[in-house]
Amino acid sequence: MTEIDTSKPHPARMYDWYLGGKDNYPVDEAMGQQMLALDPRVPVMARVNRAFMHRATRWLAKNGVRQFLDIGTGIPTEPNLHQIAQVVAADARIVYCDNDPIVLAHAAALLRGTEEGVTEYLQADVRDPDAIIEGAKQVLDFGRPVALSLVALLHFVPDEDGAHELVRRLLSELPSGSYLVMTHASADFTPEESKAATEKLKAAGVTLALRSREEFTRFFDGLELVEPGVEVPHRWHPELGEPVPGQDDGVIPGYGAVARKP
């Protein structure tokens with residue numbers, strides 16, 4: 001297994017720290033504290049993203065989707081996507097995918113699903129969509145709709161790494177009736193704080209590619225947006241979940257959306 005680098009912060013471990021988890025290191029907490037100094041709502045943002053994933057998964061399962069490909073899974077924090085999906089549909093099939101060795105170390109926690117369903121973990125990087133597709137096809141039937149989940153992931157993939165091309169490549173393999181689920185951080189609401197956060201993370205070796213509403217919406221070109229379309233994440237079908245404490249304390253600086261492939 002690849003050795004875990006504890007000399008610099010990692011987004012998945014910082015996310016775990018924001019959520020109150022224990023699978024992080026002092027370097028992650030130190031950078032997390034710097035982010036909190038810029039905007040104390042950062043832990044709320046993490047919980048809002050997580051809650052969006054829960055609601056979107058619930059909506060998809062209730063609307064007949066039985067297969068999920070979750071890229072950028074992160075460190076397991078219950079309830080995980082498969083637990084949400086399999087409550088609605090016990091036969092749901094889920095493939096998790098991440099490139100962080102610490103996620104691999106905890107992958108067993110992701111694989112405790114229903115007897116009727118399937119949950120598998122794939123160690124791969126979003127920048128290698130062909131490897132993801134090849135691995136996912138071992139578990140999922142690409143002749144039937146698949147929900148592609150990219151929650152709080154692509155703001156770590158800059159344009160020079162082909163973020164939009166990666167999404168198009170992944171979607172190209174999925175049949176009609178599949179869905180794209182995404183959230184993404186943005187500098188639209190807090191430009192000064194966002195600029196400072198981007199610079200601090202860059203100095204620590206972490207790329208943050210914040211995108212505008214227009215740039216985020218481009219990921220959904222050619223797809224049919226589910227109402228209410230591109231929205232601040234906690235305002236997307238709030239009736240499908242519980243509110244996150246603090247989510248209405250100003251605007252949470254990001255967007256979320258779900259869209260269907262025609």
# chains A, B, ... in the order shown; residues from 1 in each chain; ligands from 1

call {"tool": "closest_atom_pairs", "arguments": {"of": "range 26-88 of chain A", "to": "range 186-205 of chain A", "cutoff": "8 Å", "atoms": "only C-alpha atoms", "output": "JSON lines"}}
result
{"residue": "A:Met31", "atom": "CA", "partner": "A:Leu201", "partner_atom": "CA", "distance": 7.8}
{"residue": "A:Met35", "atom": "CA", "partner": "A:Ala197", "partner_atom": "CA", "distance": 6.4}
{"residue": "A:Leu38", "atom": "CA", "partner": "A:Glu193", "partner_atom": "CA", "distance": 5.8}
{"residue": "A:Asp39", "atom": "CA", "partner": "A:Glu193", "partner_atom": "CA", "distance": 7.0}

call {"tool": "write_last_selection", "arguments": {"atoms": "C-alpha atoms", "output": "mmCIF file, in the first residue's frame"}}
result
data_model
loop_
_atom_site.group_PDB
_atom_site.id
_atom_site.type_symbol
_atom_site.label_atom_id
_atom_site.label_comp_id
_atom_site.auth_asym_id
_atom_site.auth_seq_id
_atom_site.Cartn_x
_atom_site.Cartn_y
_atom_site.Cartn_z
ATOM 1 C CA MET A 31 -4.286 23.938 7.885
ATOM 2 C CA MET A 35 -9.116 27.972 6.916
ATOM 3 C CA LEU A 38 -10.508 32.979 7.109
ATOM 4 C CA ASP A 39 -14.113 31.731 7.329
#

call {"tool": "select_by_dssp", "arguments": {"residues": "range 28-147 of chain A", "states": "strand (DSSP E)", "output": "MDAnalysis selection string"}}
result
chainID A and resid 67:71 93:98 118:123 147

call {"tool": "residues_around", "arguments": {"residues": "Glu29 in chain A", "least_positions_apart": "6", "cutoff": "10 Å", "atoms": "only C-alpha atoms", "output": "VMD selection string"}}
result
chain A and resid 9 13 to 18 35

call {"tool": "residues_around", "arguments": {"residues": "Phe219 in chain A", "least_positions_apart": "4", "cutoff": "9 Å", "atoms": "only C-alpha atoms", "output": "tab-separated table (two decimals) with N, CA and C atoms, in the first residue's frame"}}
result
chain	number	residue	atom	x	y	z
A	163	ALA	N	-10.42	19.26	-16.08
A	163	ALA	CA	-11.56	18.91	-15.24
A	163	ALA	C	-12.83	18.64	-16.05
A	164	HIS	N	-13.17	19.54	-16.98
A	164	HIS	CA	-14.39	19.34	-17.76
A	164	HIS	C	-14.28	18.13	-18.68
A	167	VAL	N	-14.94	14.88	-16.74
A	167	VAL	CA	-16.37	14.62	-16.52
A	167	VAL	C	-17.02	14.12	-17.80
A	168	ARG	N	-16.70	14.75	-18.93
A	168	ARG	CA	-17.29	14.30	-20.20
A	168	ARG	C	-16.87	12.87	-20.53
A	182	MET	N	-23.15	16.74	-8.40
A	182	MET	CA	-21.94	17.51	-8.10
A	182	MET	C	-22.19	18.61	-7.09
A	215	GLU	N	-19.03	28.69	-14.65
A	215	GLU	CA	-18.05	27.63	-14.89
A	215	GLU	C	-18.54	26.30	-14.34
A	223	LEU	N	-26.87	18.00	-20.49
A	223	LEU	CA	-27.65	17.23	-19.53
A	223	LEU	C	-28.92	18.00	-19.16

call {"tool": "residues_around", "arguments": {"residues": "Ala136 in chain A", "least_positions_apart": "5", "cutoff": "8 Å", "atoms": "only C-alpha atoms", "output": "PDB file with all heavy atoms, in the first residue's frame"}}
result
ATOM      1  N   LEU A  69     -21.784   5.433  -8.778  1.00  0.00           N
ATOM      2  CA  LEU A  69     -20.325   5.497  -8.867  1.00  0.00           C
ATOM      3  C   LEU A  69     -19.889   6.775  -8.164  1.00  0.00           C
ATOM      4  O   LEU A  69     -20.102   7.871  -8.673  1.00  0.00           O
ATOM      5  CB  LEU A  69     -19.887   5.485 -10.336  1.00  0.00           C
ATOM      6  CG  LEU A  69     -18.386   5.682 -10.622  1.00  0.00           C
ATOM      7  CD1 LEU A  69     -17.540   4.653  -9.879  1.00  0.00           C
ATOM      8  CD2 LEU A  69     -18.120   5.637 -12.126  1.00  0.00           C
ATOM      9  N   VAL A  95     -20.156   1.605  -6.268  1.00  0.00           N
ATOM     10  CA  VAL A  95     -18.693   1.550  -6.375  1.00  0.00           C
ATOM     11  C   VAL A  95     -18.146   2.862  -5.838  1.00  0.00           C
ATOM     12  O   VAL A  95     -18.485   3.936  -6.339  1.00  0.00           O
ATOM     13  CB  VAL A  95     -18.220   1.334  -7.823  1.00  0.00           C
ATOM     14  CG1 VAL A  95     -16.702   1.482  -7.905  1.00  0.00           C
ATOM     15  CG2 VAL A  95     -18.635  -0.045  -8.314  1.00  0.00           C
ATOM     16  N   LEU A 122     -12.729   1.018  -5.173  1.00  0.00           N
ATOM     17  CA  LEU A 122     -11.747   1.051  -6.242  1.00  0.00           C
ATOM     18  C   LEU A 122     -10.716   2.129  -5.926  1.00  0.00           C
ATOM     19  O   LEU A 122     -11.067   3.281  -5.695  1.00  0.00           O
ATOM     20  CB  LEU A 122     -12.463   1.375  -7.563  1.00  0.00           C
ATOM     21  CG  LEU A 122     -11.625   1.580  -8.825  1.00  0.00           C
ATOM     22  CD1 LEU A 122     -10.910   0.286  -9.201  1.00  0.00           C
ATOM     23  CD2 LEU A 122     -12.539   2.037  -9.975  1.00  0.00           C
TER      24      LEU A 122
END

call {"tool": "residues_around", "arguments": {"residues": "Phe68 in chain A", "least_positions_apart": "4", "cutoff": "12 Å", "atoms": "only C-alpha atoms", "output": "PyMOL selection string"}}
result
chain A and resi 53+56-58+60-61+64+73+81-86+89+91-97+117-121+136-137+139-142+144-150+174+178-181

call {"tool": "atom_distance", "arguments": {"atom1": "CA of Gly113 in chain A", "atom2": "CA of Val65 in chain A"}}
result
16.7 Å

call {"tool": "atom_distance", "arguments": {"atom1": "CA of Ile75 in chain A", "atom2": "CA of His10 in chain A"}}
result
11.3 Å

call {"tool": "residues_around", "arguments": {"residues": "Glu239 in chain A", "least_positions_apart": "3", "cutoff": "12 Å", "atoms": "only C-alpha atoms", "output": "PyMOL selection string"}}
result
chain A and resi 51-52+54-56+58-59+234-236+242-243

call {"tool": "closest_residue", "arguments": {"among": "A:Asp248, A:Leu111, A:His155, A:Leu170", "to": "Val206 in chain A", "atoms": "only C-alpha atoms"}}
result
A:His155

call {"tool": "select_by_dssp", "arguments": {"residues": "range 77-178 of chain A", "states": "helix (DSSP H, G or I)", "output": "PyMOL selection string"}}
result
chain A and resi 81-88+101-105+107-110+129-136+154-156+159-161+163-172

call {"tool": "atom_distance", "arguments": {"atom1": "CA of Ala105 in chain A", "atom2": "CA of Ala131 in chain A"}}
result
20.0 Å

call {"tool": "closest_residue", "arguments": {"among": "A:Gly246, A:Val157, A:Pro253, A:Thr77", "to": "Ala109 in chain A", "atoms": "only C-alpha atoms"}}
result
A:Thr77

call {"tool": "closest_residue", "arguments": {"among": "A:Asp159, A:Pro101, A:Ile71, A:Met45", "to": "Asp128 in chain A", "atoms": "only C-alpha atoms"}}
result
A:Ile71
